[in-house]
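my_file-v2.cif follows; it contains mmCIF, C-alpha atoms and all ligand atoms.
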data_query
#
loop_
_atom_site.label_atom_id
_atom_site.label_comp_id
_atom_site.auth_asym_id
_atom_site.auth_seq_id
_atom_site.Cartn_x
_atom_site.Cartn_y
_atom_site.Cartn_z
CA MET A 1 87.51 110.21 89.87
CA THR A 2 86.31 106.94 91.37
CA ASP A 3 89.84 105.60 91.17
CA TYR A 4 91.26 108.44 93.16
CA LEU A 5 88.66 107.94 95.86
CA ALA A 6 89.30 104.21 96.11
CA ILE A 7 93.02 104.76 96.32
CA ASP A 8 93.10 107.42 98.98
CA ALA A 9 90.03 106.70 101.13
CA LEU A 10 92.17 105.32 103.94
CA SER A 11 94.79 107.99 103.87
CA ARG A 12 92.13 110.70 103.78
CA GLU A 13 91.18 109.48 107.26
CA ALA A 14 94.65 110.52 108.40
CA LEU A 15 93.44 114.12 108.26
CA PHE A 16 90.72 113.26 110.77
CA THR A 17 93.05 112.64 113.69
CA PRO A 18 93.13 115.22 116.51
CA LEU A 19 96.07 117.52 117.07
CA GLN A 20 96.98 118.91 120.45
CA LEU A 21 98.45 122.40 120.46
CA ARG A 22 99.31 123.47 124.00
CA ASP A 23 96.02 123.02 125.98
CA VAL A 24 93.83 123.05 122.87
CA VAL A 25 92.86 119.90 120.99
CA LEU A 26 91.87 120.39 117.35
CA PRO A 27 89.37 117.69 116.32
CA ASN A 28 91.02 117.19 112.92
CA ARG A 29 93.63 118.64 110.55
CA ILE A 30 91.38 120.62 108.22
CA VAL A 31 91.50 124.34 108.78
CA MET A 32 89.55 127.13 107.18
CA SER A 33 92.11 129.56 105.80
CA PRO A 34 91.62 133.22 106.78
CA MET A 35 89.51 135.00 104.18
CA THR A 36 88.41 138.60 104.33
CA ARG A 37 84.71 139.13 103.81
CA GLY A 38 83.69 142.55 105.10
CA PHE A 39 80.25 141.69 106.45
CA SER A 40 80.61 143.05 109.97
CA PRO A 41 78.67 146.34 110.00
CA GLY A 42 80.65 149.01 111.83
CA GLY A 43 83.29 146.42 112.72
CA ALA A 44 80.97 144.16 114.77
CA PRO A 45 80.23 140.64 113.50
CA ASP A 46 76.49 140.00 113.43
CA GLU A 47 74.31 136.91 113.32
CA ASN A 48 75.14 136.34 109.62
CA VAL A 49 78.83 136.15 110.42
CA ALA A 50 78.15 133.68 113.23
CA ALA A 51 76.02 131.53 110.92
CA TYR A 52 78.70 131.65 108.18
CA TYR A 53 81.42 130.29 110.46
CA ARG A 54 79.07 127.90 112.30
CA ARG A 55 78.17 126.27 108.97
CA ARG A 56 81.87 125.56 108.28
CA ALA A 57 82.22 123.96 111.74
CA GLU A 58 79.03 121.92 111.22
CA GLY A 59 80.51 120.86 107.89
CA GLY A 60 83.45 119.19 109.62
CA THR A 61 86.14 121.89 109.57
CA GLY A 62 88.32 121.32 112.63
CA LEU A 63 89.66 124.85 113.04
CA ILE A 64 88.51 128.14 111.60
CA VAL A 65 90.97 130.98 111.21
CA THR A 66 88.73 134.01 110.83
CA GLU A 67 89.00 136.63 108.16
CA GLY A 68 91.54 139.36 108.91
CA VAL A 69 90.43 141.26 112.04
CA ALA A 70 91.79 144.79 112.35
CA VAL A 71 93.78 145.60 115.47
CA ASP A 72 92.45 148.70 117.19
CA HIS A 73 94.98 151.26 116.06
CA PRO A 74 93.81 154.06 113.74
CA THR A 75 96.47 153.16 111.16
CA ALA A 76 95.47 149.48 110.93
CA LEU A 77 92.69 149.53 108.41
CA GLY A 78 91.91 151.22 105.13
CA ASP A 79 91.00 150.40 101.61
CA ALA A 80 93.11 147.48 100.49
CA GLY A 81 90.66 146.67 97.74
CA LEU A 82 88.04 145.63 100.31
CA GLN A 83 84.82 146.85 101.92
CA GLU A 84 86.92 148.38 104.64
CA GLN A 85 84.01 149.77 106.64
CA ASP A 86 82.70 146.28 107.33
CA VAL A 87 85.97 144.56 108.24
CA PRO A 88 85.64 143.41 111.86
CA TYR A 89 87.51 144.73 114.88
CA LEU A 90 88.16 142.95 118.15
CA ALA A 91 87.58 145.87 120.47
CA GLY A 92 84.55 147.74 121.77
CA ASP A 93 81.39 146.31 123.29
CA ALA A 94 79.47 145.59 120.07
CA SER A 95 82.41 143.87 118.39
CA LEU A 96 83.25 141.76 121.44
CA ALA A 97 79.61 140.73 121.94
CA GLY A 98 79.46 139.78 118.26
CA TRP A 99 82.59 137.64 118.49
CA ARG A 100 81.40 135.99 121.69
CA ASN A 101 78.36 134.85 119.75
CA VAL A 102 80.44 133.65 116.77
CA VAL A 103 82.77 131.67 119.02
CA SER A 104 79.98 130.03 121.00
CA GLN A 105 78.15 128.95 117.83
CA VAL A 106 81.33 127.45 116.35
CA HIS A 107 82.08 125.65 119.63
CA ALA A 108 78.51 124.33 119.80
CA ALA A 109 79.06 122.83 116.34
CA GLY A 110 82.24 121.07 117.52
CA GLY A 111 84.81 123.36 115.90
CA LYS A 112 87.65 125.53 117.18
CA ILE A 113 88.19 129.12 116.08
CA ILE A 114 90.98 131.70 116.27
CA PRO A 115 91.01 135.30 114.96
CA GLN A 116 93.57 136.52 112.44
CA LEU A 117 94.94 139.80 113.82
CA TRP A 118 95.71 142.20 111.01
CA HIS A 119 97.40 145.54 110.45
CA GLN A 120 97.61 146.57 106.81
CA GLY A 121 100.79 148.64 107.18
CA ALA A 122 102.04 149.88 103.82
CA MET A 123 99.08 148.36 101.97
CA ARG A 124 96.59 150.71 103.65
CA LYS A 125 95.51 153.24 101.06
CA PRO A 126 96.14 156.75 102.48
CA GLY A 127 92.93 158.69 103.11
CA SER A 128 90.72 155.60 103.35
CA GLY A 129 89.20 153.48 106.10
CA PRO A 130 87.53 154.39 109.39
CA PHE A 131 90.26 156.98 110.17
CA PRO A 132 90.93 158.58 106.77
CA ASP A 133 92.97 161.45 108.26
CA VAL A 134 95.76 159.37 109.77
CA ARG A 135 98.83 158.62 107.69
CA SER A 136 99.60 155.06 106.71
CA VAL A 137 102.52 153.55 108.57
CA SER A 138 105.29 151.18 107.62
CA PRO A 139 108.77 150.52 109.06
CA SER A 140 110.62 152.88 106.73
CA GLY A 141 107.68 154.93 105.49
CA ILE A 142 107.73 153.25 102.09
CA TRP A 143 105.28 151.09 100.16
CA GLY A 144 108.01 149.00 98.60
CA PRO A 145 109.86 149.04 95.31
CA LEU A 146 107.76 150.26 92.39
CA GLY A 147 107.59 148.67 88.95
CA ARG A 148 107.44 145.07 90.16
CA MET A 149 104.86 142.48 89.19
CA THR A 150 102.04 143.15 91.65
CA SER A 151 98.75 141.47 92.41
CA ILE A 152 96.82 144.69 92.84
CA ASP A 153 95.24 146.93 90.27
CA ALA A 154 97.30 149.76 88.83
CA ALA A 155 95.12 152.44 90.46
CA SER A 156 96.03 151.14 93.91
CA VAL A 157 99.79 151.31 93.31
CA PRO A 158 101.06 154.65 94.69
CA ALA A 159 102.86 156.96 92.26
CA ASP A 160 105.56 157.57 94.87
CA SER A 161 106.97 154.77 96.98
CA ARG A 162 107.17 157.06 100.03
CA ILE A 163 103.80 156.82 101.79
CA GLY A 164 104.71 158.28 105.18
CA GLU A 165 107.48 158.66 107.72
CA PRO A 166 109.37 155.71 109.23
CA MET A 167 107.47 154.46 112.29
CA THR A 168 108.60 156.17 115.48
CA GLU A 169 109.30 154.25 118.69
CA GLU A 170 106.06 155.69 120.03
CA VAL A 171 103.95 154.39 117.15
CA ILE A 172 105.75 151.04 117.24
CA GLU A 173 104.86 150.69 120.93
CA GLU A 174 101.24 151.75 120.29
CA VAL A 175 100.83 149.14 117.56
CA ILE A 176 102.38 146.40 119.70
CA GLU A 177 99.96 147.31 122.48
CA ALA A 178 97.04 147.18 120.03
CA PHE A 179 97.98 143.62 119.03
CA VAL A 180 98.33 142.59 122.68
CA ARG A 181 95.00 144.21 123.62
CA CYS A 182 93.19 142.40 120.80
CA ALA A 183 94.79 139.11 121.77
CA ARG A 184 93.59 139.63 125.35
CA ASN A 185 90.08 140.44 124.07
CA ALA A 186 90.15 137.35 121.85
CA ILE A 187 90.90 135.06 124.77
CA ASP A 188 88.31 136.84 126.93
CA VAL A 189 85.51 136.18 124.40
CA GLY A 190 86.46 132.51 124.15
CA PHE A 191 88.69 132.12 121.08
CA ASP A 192 90.99 129.06 121.11
CA GLY A 193 94.22 130.88 120.27
CA ILE A 194 95.61 133.67 118.13
CA ALA A 195 96.66 133.94 114.48
CA LEU A 196 98.92 136.74 113.28
CA HIS A 197 98.89 137.99 109.70
CA GLY A 198 102.56 138.30 108.89
CA ALA A 199 102.21 137.80 105.13
CA HIS A 200 101.21 139.35 101.78
CA GLY A 201 102.85 142.76 102.19
CA TYR A 202 100.98 143.94 105.32
CA LEU A 203 102.62 145.50 108.39
CA LEU A 204 104.36 142.52 109.99
CA ASP A 205 105.60 141.42 106.58
CA ASN A 206 106.78 145.00 105.93
CA PHE A 207 109.21 144.47 108.81
CA LEU A 208 110.32 141.05 107.57
CA TRP A 209 111.01 142.17 103.99
CA GLU A 210 114.09 144.19 103.04
CA GLY A 211 112.03 145.88 100.29
CA THR A 212 110.05 147.73 103.00
CA ASN A 213 112.36 147.59 106.03
CA GLN A 214 115.48 149.71 105.63
CA ARG A 215 115.91 150.53 109.31
CA ASP A 216 119.23 150.19 111.08
CA ASP A 217 117.94 150.33 114.66
CA ARG A 218 116.59 147.50 116.85
CA TRP A 219 113.83 146.82 114.29
CA GLY A 220 115.90 146.38 111.12
CA GLY A 221 119.15 145.08 109.65
CA ASP A 222 119.71 141.46 108.74
CA ARG A 223 116.99 138.80 108.57
CA ARG A 224 116.97 138.04 112.28
CA ARG A 225 116.76 141.69 113.15
CA ARG A 226 113.95 142.27 110.66
CA SER A 227 112.00 139.59 112.55
CA GLU A 228 112.31 141.51 115.81
CA PHE A 229 109.06 143.51 115.56
CA PRO A 230 106.78 140.52 114.89
CA ALA A 231 108.79 138.53 117.45
CA GLU A 232 108.23 141.24 120.07
CA ILE A 233 104.48 141.10 119.33
CA VAL A 234 104.53 137.31 119.77
CA ARG A 235 106.48 137.58 123.06
CA ARG A 236 104.15 140.22 124.45
CA ILE A 237 101.03 138.28 123.37
CA ARG A 238 102.44 135.12 124.91
CA ARG A 239 103.08 136.95 128.16
CA GLU A 240 99.52 138.34 128.09
CA ILE A 241 97.59 135.16 127.24
CA GLY A 242 99.74 132.64 129.12
CA GLU A 243 101.00 129.22 128.09
CA GLY A 244 97.73 127.43 127.28
CA PHE A 245 96.79 128.90 123.90
CA PRO A 246 98.48 128.34 120.54
CA ILE A 247 99.82 131.20 118.41
CA PHE A 248 99.77 130.77 114.63
CA PHE A 249 101.97 132.94 112.41
CA ARG A 250 101.23 133.35 108.69
CA PHE A 251 104.14 134.34 106.45
CA SER A 252 104.71 134.36 102.70
CA GLN A 253 107.51 134.88 100.24
CA TRP A 254 105.32 136.87 97.82
CA LYS A 255 104.05 140.34 98.53
CA GLN A 256 101.18 142.16 96.90
CA GLN A 257 103.80 144.84 96.13
CA ASP A 258 106.09 142.30 94.47
CA PHE A 259 104.85 138.92 93.46
CA ARG A 260 108.36 137.56 92.97
CA ALA A 261 109.76 138.80 96.28
CA THR A 262 111.36 136.36 98.68
CA LEU A 263 112.20 136.53 102.37
CA ALA A 264 114.56 133.59 102.09
CA ASP A 265 116.22 131.86 99.15
CA THR A 266 117.56 128.88 101.09
CA PRO A 267 116.45 126.83 104.12
CA GLU A 268 119.28 128.46 106.11
CA GLU A 269 117.90 131.90 105.33
CA LEU A 270 114.40 130.73 106.26
CA ALA A 271 115.77 129.63 109.63
CA GLU A 272 117.07 133.17 110.14
CA VAL A 273 113.63 134.64 109.43
CA LEU A 274 111.53 132.19 111.44
CA GLY A 275 113.94 131.28 114.24
CA PRO A 276 113.30 134.44 116.30
CA LEU A 277 109.54 133.95 115.89
CA ALA A 278 109.73 130.35 117.05
CA GLU A 279 111.84 131.38 120.04
CA ALA A 280 109.30 134.11 120.85
CA GLY A 281 106.45 131.61 121.17
CA VAL A 282 104.91 130.74 117.78
CA ASP A 283 103.41 127.23 117.77
CA VAL A 284 102.32 126.86 114.15
CA PHE A 285 103.80 128.40 111.02
CA ASP A 286 101.19 128.97 108.32
CA ALA A 287 103.16 129.14 105.08
CA SER A 288 101.06 131.03 102.55
CA VAL A 289 101.74 129.82 99.01
CA ARG A 290 99.41 129.54 96.06
CA TYR A 291 100.24 125.90 95.24
CA TYR A 292 100.93 123.54 98.13
CA ASN A 293 102.47 121.01 95.74
CA ARG A 294 105.53 123.02 94.73
CA GLY A 295 108.98 122.80 96.27
CA ALA A 296 110.04 125.96 98.08
CA PHE A 297 113.74 125.85 97.24
CA GLU A 298 115.90 124.59 94.37
CA GLY A 299 116.62 120.91 94.42
CA SER A 300 113.88 119.68 96.79
CA PRO A 301 110.15 118.95 96.46
CA ILE A 302 109.52 119.99 100.09
CA ASN A 303 107.10 122.90 100.24
CA LEU A 304 107.36 126.07 102.30
CA ALA A 305 105.34 124.67 105.22
CA GLY A 306 107.62 121.63 105.19
CA TRP A 307 110.72 123.78 105.43
CA ALA A 308 109.16 125.97 108.12
CA LYS A 309 108.61 122.84 110.19
CA LYS A 310 112.08 121.50 109.51
CA VAL A 311 113.99 124.66 110.34
CA THR A 312 112.00 125.62 113.46
CA GLY A 313 110.90 122.26 114.90
CA LYS A 314 107.40 123.75 115.28
CA ALA A 315 104.16 122.53 113.72
CA SER A 316 103.21 123.84 110.30
CA MET A 317 100.19 124.35 108.11
CA THR A 318 100.06 124.11 104.34
CA VAL A 319 97.66 125.92 102.01
CA GLY A 320 97.18 126.70 98.35
CA GLY A 321 95.06 124.96 95.80
CA VAL A 322 93.66 122.19 97.98
CA GLY A 323 90.52 120.83 96.31
CA ILE A 324 90.70 123.40 93.53
CA ASN A 325 92.53 123.44 90.20
CA GLN A 326 93.83 127.01 90.23
CA GLY A 327 96.00 129.06 92.54
CA MET A 328 94.66 132.23 94.09
CA TYR A 329 94.93 135.03 91.48
CA ASP A 330 95.02 132.55 88.58
CA ARG A 331 91.72 133.11 86.92
CA ASP A 332 92.66 132.21 83.37
CA LYS A 333 90.55 129.05 83.52
CA PRO A 334 87.28 128.27 85.30
CA ALA A 335 87.58 126.80 88.78
CA GLU A 336 87.05 123.07 89.06
CA ALA A 337 87.11 120.72 92.01
CA VAL A 338 90.21 118.53 92.23
CA PHE A 339 89.85 115.00 93.55
CA ASP A 340 93.39 113.75 93.24
CA TYR A 341 94.33 114.18 96.88
CA ALA A 342 97.16 111.65 96.72
CA PRO A 343 99.94 114.28 96.44
CA LEU A 344 98.57 116.12 99.48
CA LEU A 345 98.08 113.00 101.55
CA GLU A 346 101.50 111.66 100.66
CA ARG A 347 103.15 114.85 101.86
CA PHE A 348 101.04 114.76 105.03
CA ALA A 349 101.95 111.12 105.65
CA ASN A 350 105.63 112.06 105.25
CA GLY A 351 105.22 114.56 108.08
CA GLU A 352 105.84 117.58 105.87
CA PHE A 353 103.06 119.54 107.66
CA ASP A 354 100.54 119.01 110.45
CA LEU A 355 97.53 120.97 109.22
CA VAL A 356 95.91 121.60 105.86
CA ALA A 357 94.25 124.97 105.28
CA VAL A 358 91.48 125.22 102.73
CA GLY A 359 90.44 128.58 101.31
CA ARG A 360 88.22 128.97 98.30
CA ALA A 361 86.94 125.39 98.29
CA LEU A 362 85.48 126.15 101.73
CA ILE A 363 83.87 129.35 100.50
CA GLY A 364 82.26 127.28 97.77
CA ASP A 365 80.99 124.56 100.09
CA PRO A 366 80.62 124.91 103.88
CA ALA A 367 80.52 121.10 104.14
CA TRP A 368 83.74 120.66 102.16
CA ALA A 369 85.54 118.82 105.00
CA ALA A 370 82.72 116.31 105.54
CA LYS A 371 82.48 115.72 101.79
CA PHE A 372 86.24 115.32 101.48
CA ARG A 373 86.01 112.62 104.15
CA THR A 374 83.31 110.60 102.41
CA GLY A 375 84.31 111.39 98.84
CA ALA A 376 81.09 113.27 98.08
CA PHE A 377 81.09 115.93 95.38
CA PRO A 378 81.41 119.45 96.86
CA ARG A 379 79.70 122.53 95.51
CA VAL A 380 82.37 124.08 93.30
CA TYR A 381 83.81 127.48 94.16
CA ARG A 382 83.20 130.40 91.80
CA SER A 383 85.14 133.65 92.17
CA SER A 384 81.83 135.51 92.43
CA ASP A 385 81.35 133.56 95.70
CA ASP A 386 83.99 135.66 97.47
CA ARG A 387 81.30 138.05 98.62
CA VAL A 388 78.57 135.54 99.44
CA LEU A 389 76.70 135.42 102.70
CA THR A 390 76.50 131.66 102.92
C1 LIG A 401 88.29 136.14 99.06
C2 LIG A 401 89.60 135.88 99.72
C3 LIG A 401 89.96 136.62 100.84
C4 LIG A 401 91.20 136.37 101.50
N1 LIG A 401 91.51 137.08 102.63
C5 LIG A 401 92.63 136.76 103.35
C6 LIG A 401 92.89 137.35 104.63
O1 LIG A 401 92.11 138.15 105.17
N2 LIG A 401 94.02 136.97 105.27
C7 LIG A 401 94.91 136.07 104.75
O2 LIG A 401 95.92 135.76 105.37
N3 LIG A 401 94.67 135.48 103.54
C8 LIG A 401 93.54 135.79 102.85
N4 LIG A 401 93.27 135.11 101.67
C9 LIG A 401 94.15 134.00 101.23
C10 LIG A 401 93.60 132.66 101.74
O3 LIG A 401 93.69 132.53 103.14
C11 LIG A 401 94.36 131.44 101.12
O4 LIG A 401 95.70 131.50 101.54
C12 LIG A 401 94.30 131.44 99.61
O5 LIG A 401 92.96 131.60 99.16
C13 LIG A 401 94.87 130.13 99.04
O6 LIG A 401 94.11 129.04 99.48
P1 LIG A 401 93.09 128.28 98.46
O7 LIG A 401 93.89 127.95 97.24
O8 LIG A 401 92.62 127.08 99.22
O9 LIG A 401 91.99 129.25 98.16
C14 LIG A 401 92.06 135.36 100.99
C15 LIG A 401 91.68 134.62 99.85
C16 LIG A 401 90.48 134.86 99.23
C17 LIG A 401 90.08 134.02 98.04
#
Rewrite the structure of this file - the entire thing - as structure tokens.
Amino acid sequence: MTDYLAIDALSREALFTPLQLRDVVLPNRIVMSPMTRGFSPGGAPDENVAAYYRRRAEGGTGLIVTEGVAVDHPTALGDAGLQEQDVPYLAGDASLAGWRNVVSQVHAAGGKIIPQLWHQGAMRKPGSGPFPDVRSVSPSGIWGPLGRMTSIDAASVPADSRIGEPMTEEVIEEVIEAFVRCARNAIDVGFDGIALHGAHGYLLDNFLWEGTNQRDDRWGGDRRRRSEFPAEIVRRIRREIGEGFPIFFRFSQWKQQDFRATLADTPEELAEVLGPLAEAGVDVFDASVRYYNRGAFEGSPINLAGWAKKVTGKASMTVGGVGINQGMYDRDKPAEAVFDYAPLLERFANGEFDLVAVGRALIGDPAWAAKFRTGAFPRVYRSSDDRVLT
């Protein structure tokens, strides 16, 4: 352990350089990855939520991407294996007052913070959530192919892939407006930008993936056309919030419906998926993988964030197993802290990505970033921590 620290002490400092994104300057490159908690009673974050995020900012995290925040459309939120009633919204007086408090506490501690806007799409369990009577929506009314390797428990996999009707133009427009409204609210309460959840089998990803998007109108077809719905959301948000604030877009190959799914099997195909999003106004691609240190495509060690940066020319953020010895969902061995940061720092030094997102290690220890900087031993994450208040 001591050897690792001696070797990489200098290069660890590289992660403590600022990054300017449009008019916003992030104090360093360590980002808290979005992680759902469900501690906002009735959808409004309270003092505990503010204290939770403030502690991460005090602990040296440069940017916090909040837990998934439901957009205010009745179809957005339901039981996706979570405490759905306490997932936050970004609409209504109580919710906005709560977020204003969260943002000001994080800013007072020297951090930046952006909300992750979330619509569960096909993953919303019908009959659950704050509006149990509405039908779940997805581009083609389907959950995805059945019988694949999934990350969710068998009881949550629908017996029939058809979960509703294909989204109508009217519902599509309503959902776009809900995203834009929440983005407006986010900027009004002081957030430093916007993050969009376009990964893991939720609504925006349902449009990107051919397993859930079988439309042949403006919103479906080849890869570029499947990107049109999230791209339209990005364009409309950009128009609403102006040029000063960064927009982050999270995407993933894997889906909860199908762990082995891919959006792109080559860098060229990735360019087709992400190109329209970059043109629409995305500033940072957040490539969600479980192990940052794996090559994304045959024949190259460059990871998915690296390829996102290469094919779009935009900034990128890596994630997955930083400071922890197991990927998300791999619980076959106990979690341990990992101190060999050399592979991460080498990739960073090579310009593969601009930001490093940390998930579970930052649940385990709010001061993870400060401890990473000095080489101190962090409190080690335990999976039972996922629902902690601290
Ligand atoms: C408890 C928990 C909740 C999560 N919730 C979200 C979420 O709301 N949105 C999202 O994009 N990813 C979510 N993730 C994934 C994390 O953002 C991150 O990508 C993942 O944990 C891998 O990073 P890590 O290896 O550093 O933990 C969640 C992960 C955990 C452990």
Interface rows for chain A against ligand LIG 401 (chain A): nearest pair, Å to one decimal, 7 Å, all atoms listed in the file, as JSON lines:
{"residue": "A:Ser33", "atom": "CA", "partner": "A:LIG401", "partner_atom": "O3", "distance": 4.3}
{"residue": "A:Pro34", "atom": "CA", "partner": "A:LIG401", "partner_atom": "O3", "distance": 4.2}
{"residue": "A:Met35", "atom": "CA", "partner": "A:LIG401", "partner_atom": "N1", "distance": 3.3}
{"residue": "A:Thr36", "atom": "CA", "partner": "A:LIG401", "partner_atom": "O1", "distance": 3.8}
{"residue": "A:Arg37", "atom": "CA", "partner": "A:LIG401", "partner_atom": "C3", "distance": 6.5}
{"residue": "A:Glu67", "atom": "CA", "partner": "A:LIG401", "partner_atom": "O1", "distance": 4.6}
{"residue": "A:Gly68", "atom": "CA", "partner": "A:LIG401", "partner_atom": "O1", "distance": 4.0}
{"residue": "A:His197", "atom": "CA", "partner": "A:LIG401", "partner_atom": "O2", "distance": 5.7}
{"residue": "A:Ala199", "atom": "CA", "partner": "A:LIG401", "partner_atom": "O2", "distance": 6.6}
{"residue": "A:Arg250", "atom": "CA", "partner": "A:LIG401", "partner_atom": "O2", "distance": 6.7}
{"residue": "A:Ser288", "atom": "CA", "partner": "A:LIG401", "partner_atom": "O4", "distance": 5.5}
{"residue": "A:Val289", "atom": "CA", "partner": "A:LIG401", "partner_atom": "O4", "distance": 6.8}
{"residue": "A:Arg290", "atom": "CA", "partner": "A:LIG401", "partner_atom": "C13", "distance": 5.5}
{"residue": "A:Tyr291", "atom": "CA", "partner": "A:LIG401", "partner_atom": "O7", "distance": 7.0}
{"residue": "A:Val319", "atom": "CA", "partner": "A:LIG401", "partner_atom": "O6", "distance": 5.4}
{"residue": "A:Gly320", "atom": "CA", "partner": "A:LIG401", "partner_atom": "O7", "distance": 3.7}
{"residue": "A:Gly321", "atom": "CA", "partner": "A:LIG401", "partner_atom": "O7", "distance": 3.5}
{"residue": "A:Val322", "atom": "CA", "partner": "A:LIG401", "partner_atom": "O8", "distance": 5.2}
{"residue": "A:Ile324", "atom": "CA", "partner": "A:LIG401", "partner_atom": "O7", "distance": 6.7}
{"residue": "A:Gly327", "atom": "CA", "partner": "A:LIG401", "partner_atom": "O7", "distance": 5.3}
{"residue": "A:Met328", "atom": "CA", "partner": "A:LIG401", "partner_atom": "O7", "distance": 5.4}
{"residue": "A:Ala357", "atom": "CA", "partner": "A:LIG401", "partner_atom": "O8", "distance": 6.6}
{"residue": "A:Val358", "atom": "CA", "partner": "A:LIG401", "partner_atom": "O8", "distance": 4.1}
{"residue": "A:Gly359", "atom": "CA", "partner": "A:LIG401", "partner_atom": "O8", "distance": 3.4}
{"residue": "A:Arg360", "atom": "CA", "partner": "A:LIG401", "partner_atom": "O9", "distance": 3.8}
{"residue": "A:Ala361", "atom": "CA", "partner": "A:LIG401", "partner_atom": "O8", "distance": 6.0}
{"residue": "A:Asp386", "atom": "CA", "partner": "A:LIG401", "partner_atom": "C1", "distance": 4.6}
Identify which of the residues A:Thr150, A:Asn325, A:Ser11, A:Asn350 lies closest to Gly306 of chain A, counting only C-alpha atoms when measuring atom-to-atom distances.
A:Asn350
Of the candidates A:Pro378, A:Pro343, A:Pro267, A:Gly144, which one gets nearest to Arg294 of chain A if we count only C-alpha atoms?
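Among the listed residues, A:Pro343 lies closest to Arg294 of chain A.
For the pair atom CA of Gly98 of chain A and atom CA of Pro45 of chain A, the interatomic distance is 4.9 Å.
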Smallest atom-to-atom distance to Ile172 of chain A: which of A:Met32, A:Val137, A:Met149, A:Leu304, using all atoms listed in the file?
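Nearest to Ile172 of chain A: A:Val137.
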Residue with the minimum atom-to-atom distance to Val103 of chain A, picked from A:Ala315, A:Val171, A:Val189, A:Ala70 with all atoms listed in the file counted, is A:Val189
Nearest candidate to Thr66 of chain A (options A:Pro145, A:Pro246, A:Gly38, A:Gly164; using all atoms listed in the file)
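Ranked by minimum distance to Thr66 of chain A, first place goes to A:Gly38.
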Which residues come within 9 Å of segment 275-278 of chain A, counting only C-alpha atoms, excluding same-chain residues fewer than 5 positions away, as a compact mmCIF listing (two decimals) with C-alpha atoms, keeping the file's coordinate frame?
# COMPACT_ATOMS: atom_id res chain seq x y z
CA ARG A 224 116.97 138.04 112.28
CA ARG A 225 116.76 141.69 113.15
CA SER A 227 112.00 139.59 112.55
CA GLU A 228 112.31 141.51 115.81
CA PRO A 230 106.78 140.52 114.89
CA ALA A 231 108.79 138.53 117.45
CA GLU A 232 108.23 141.24 120.07
CA VAL A 234 104.53 137.31 119.77
CA ARG A 235 106.48 137.58 123.06
CA PHE A 249 101.97 132.94 112.41
CA LEU A 270 114.40 130.73 106.26
CA ASP A 283 103.41 127.23 117.77
CA VAL A 284 102.32 126.86 114.15
CA PHE A 285 103.80 128.40 111.02
CA VAL A 311 113.99 124.66 110.34
CA THR A 312 112.00 125.62 113.46
CA GLY A 313 110.90 122.26 114.90
CA LYS A 314 107.40 123.75 115.28
Hey, what's within 12 Å of Ser104 of chain A if we count all atoms listed in the file and toss same-chain stuff fewer than 3 positions away? As a list of chain:residue names, please?
A:Glu47, A:Ala50, A:Ala51, A:Tyr53, A:Arg54, A:Ala57, A:Ala97, A:Gly98, A:Trp99, A:Arg100, A:Asn101, A:His107, A:Ala108, A:Ala109, A:Gly110, A:Gly111, A:Lys112, A:Ile113, A:Val189, A:Gly190, A:Phe191, A:Asp192
Expected answer as a ChimeraX atom specification: all residues with atoms within 12 Å of (112.2, 136.5, 98.7), all atoms listed in the file:
/A:199-201,205,208-211,223,251-255,258-267,269-270,273,296-297
Writing out the chosen residues with C-alpha atoms as a PDB file, in the coordinates of the input:
ATOM      1  CA  ALA A 199     102.210 137.800 105.130  1.00  0.00           C
ATOM      2  CA  HIS A 200     101.210 139.350 101.780  1.00  0.00           C
ATOM      3  CA  GLY A 201     102.850 142.760 102.190  1.00  0.00           C
ATOM      4  CA  ASP A 205     105.600 141.420 106.580  1.00  0.00           C
ATOM      5  CA  LEU A 208     110.320 141.050 107.570  1.00  0.00           C
ATOM      6  CA  TRP A 209     111.010 142.170 103.990  1.00  0.00           C
ATOM      7  CA  GLU A 210     114.090 144.190 103.040  1.00  0.00           C
ATOM      8  CA  GLY A 211     112.030 145.880 100.290  1.00  0.00           C
ATOM      9  CA  ARG A 223     116.990 138.800 108.570  1.00  0.00           C
ATOM     10  CA  PHE A 251     104.140 134.340 106.450  1.00  0.00           C
ATOM     11  CA  SER A 252     104.710 134.360 102.700  1.00  0.00           C
ATOM     12  CA  GLN A 253     107.510 134.880 100.240  1.00  0.00           C
ATOM     13  CA  TRP A 254     105.320 136.870  97.820  1.00  0.00           C
ATOM     14  CA  LYS A 255     104.050 140.340  98.530  1.00  0.00           C
ATOM     15  CA  ASP A 258     106.090 142.300  94.470  1.00  0.00           C
ATOM     16  CA  PHE A 259     104.850 138.920  93.460  1.00  0.00           C
ATOM     17  CA  ARG A 260     108.360 137.560  92.970  1.00  0.00           C
ATOM     18  CA  ALA A 261     109.760 138.800  96.280  1.00  0.00           C
ATOM     19  CA  THR A 262     111.360 136.360  98.680  1.00  0.00           C
ATOM     20  CA  LEU A 263     112.200 136.530 102.370  1.00  0.00           C
ATOM     21  CA  ALA A 264     114.560 133.590 102.090  1.00  0.00           C
ATOM     22  CA  ASP A 265     116.220 131.860  99.150  1.00  0.00           C
ATOM     23  CA  THR A 266     117.560 128.880 101.090  1.00  0.00           C
ATOM     24  CA  PRO A 267     116.450 126.830 104.120  1.00  0.00           C
ATOM     25  CA  GLU A 269     117.900 131.900 105.330  1.00  0.00           C
ATOM     26  CA  LEU A 270     114.400 130.730 106.260  1.00  0.00           C
ATOM     27  CA  VAL A 273     113.630 134.640 109.430  1.00  0.00           C
ATOM     28  CA  ALA A 296     110.040 125.960  98.080  1.00  0.00           C
ATOM     29  CA  PHE A 297     113.740 125.850  97.240  1.00  0.00           C
TER      30      PHE A 297
END
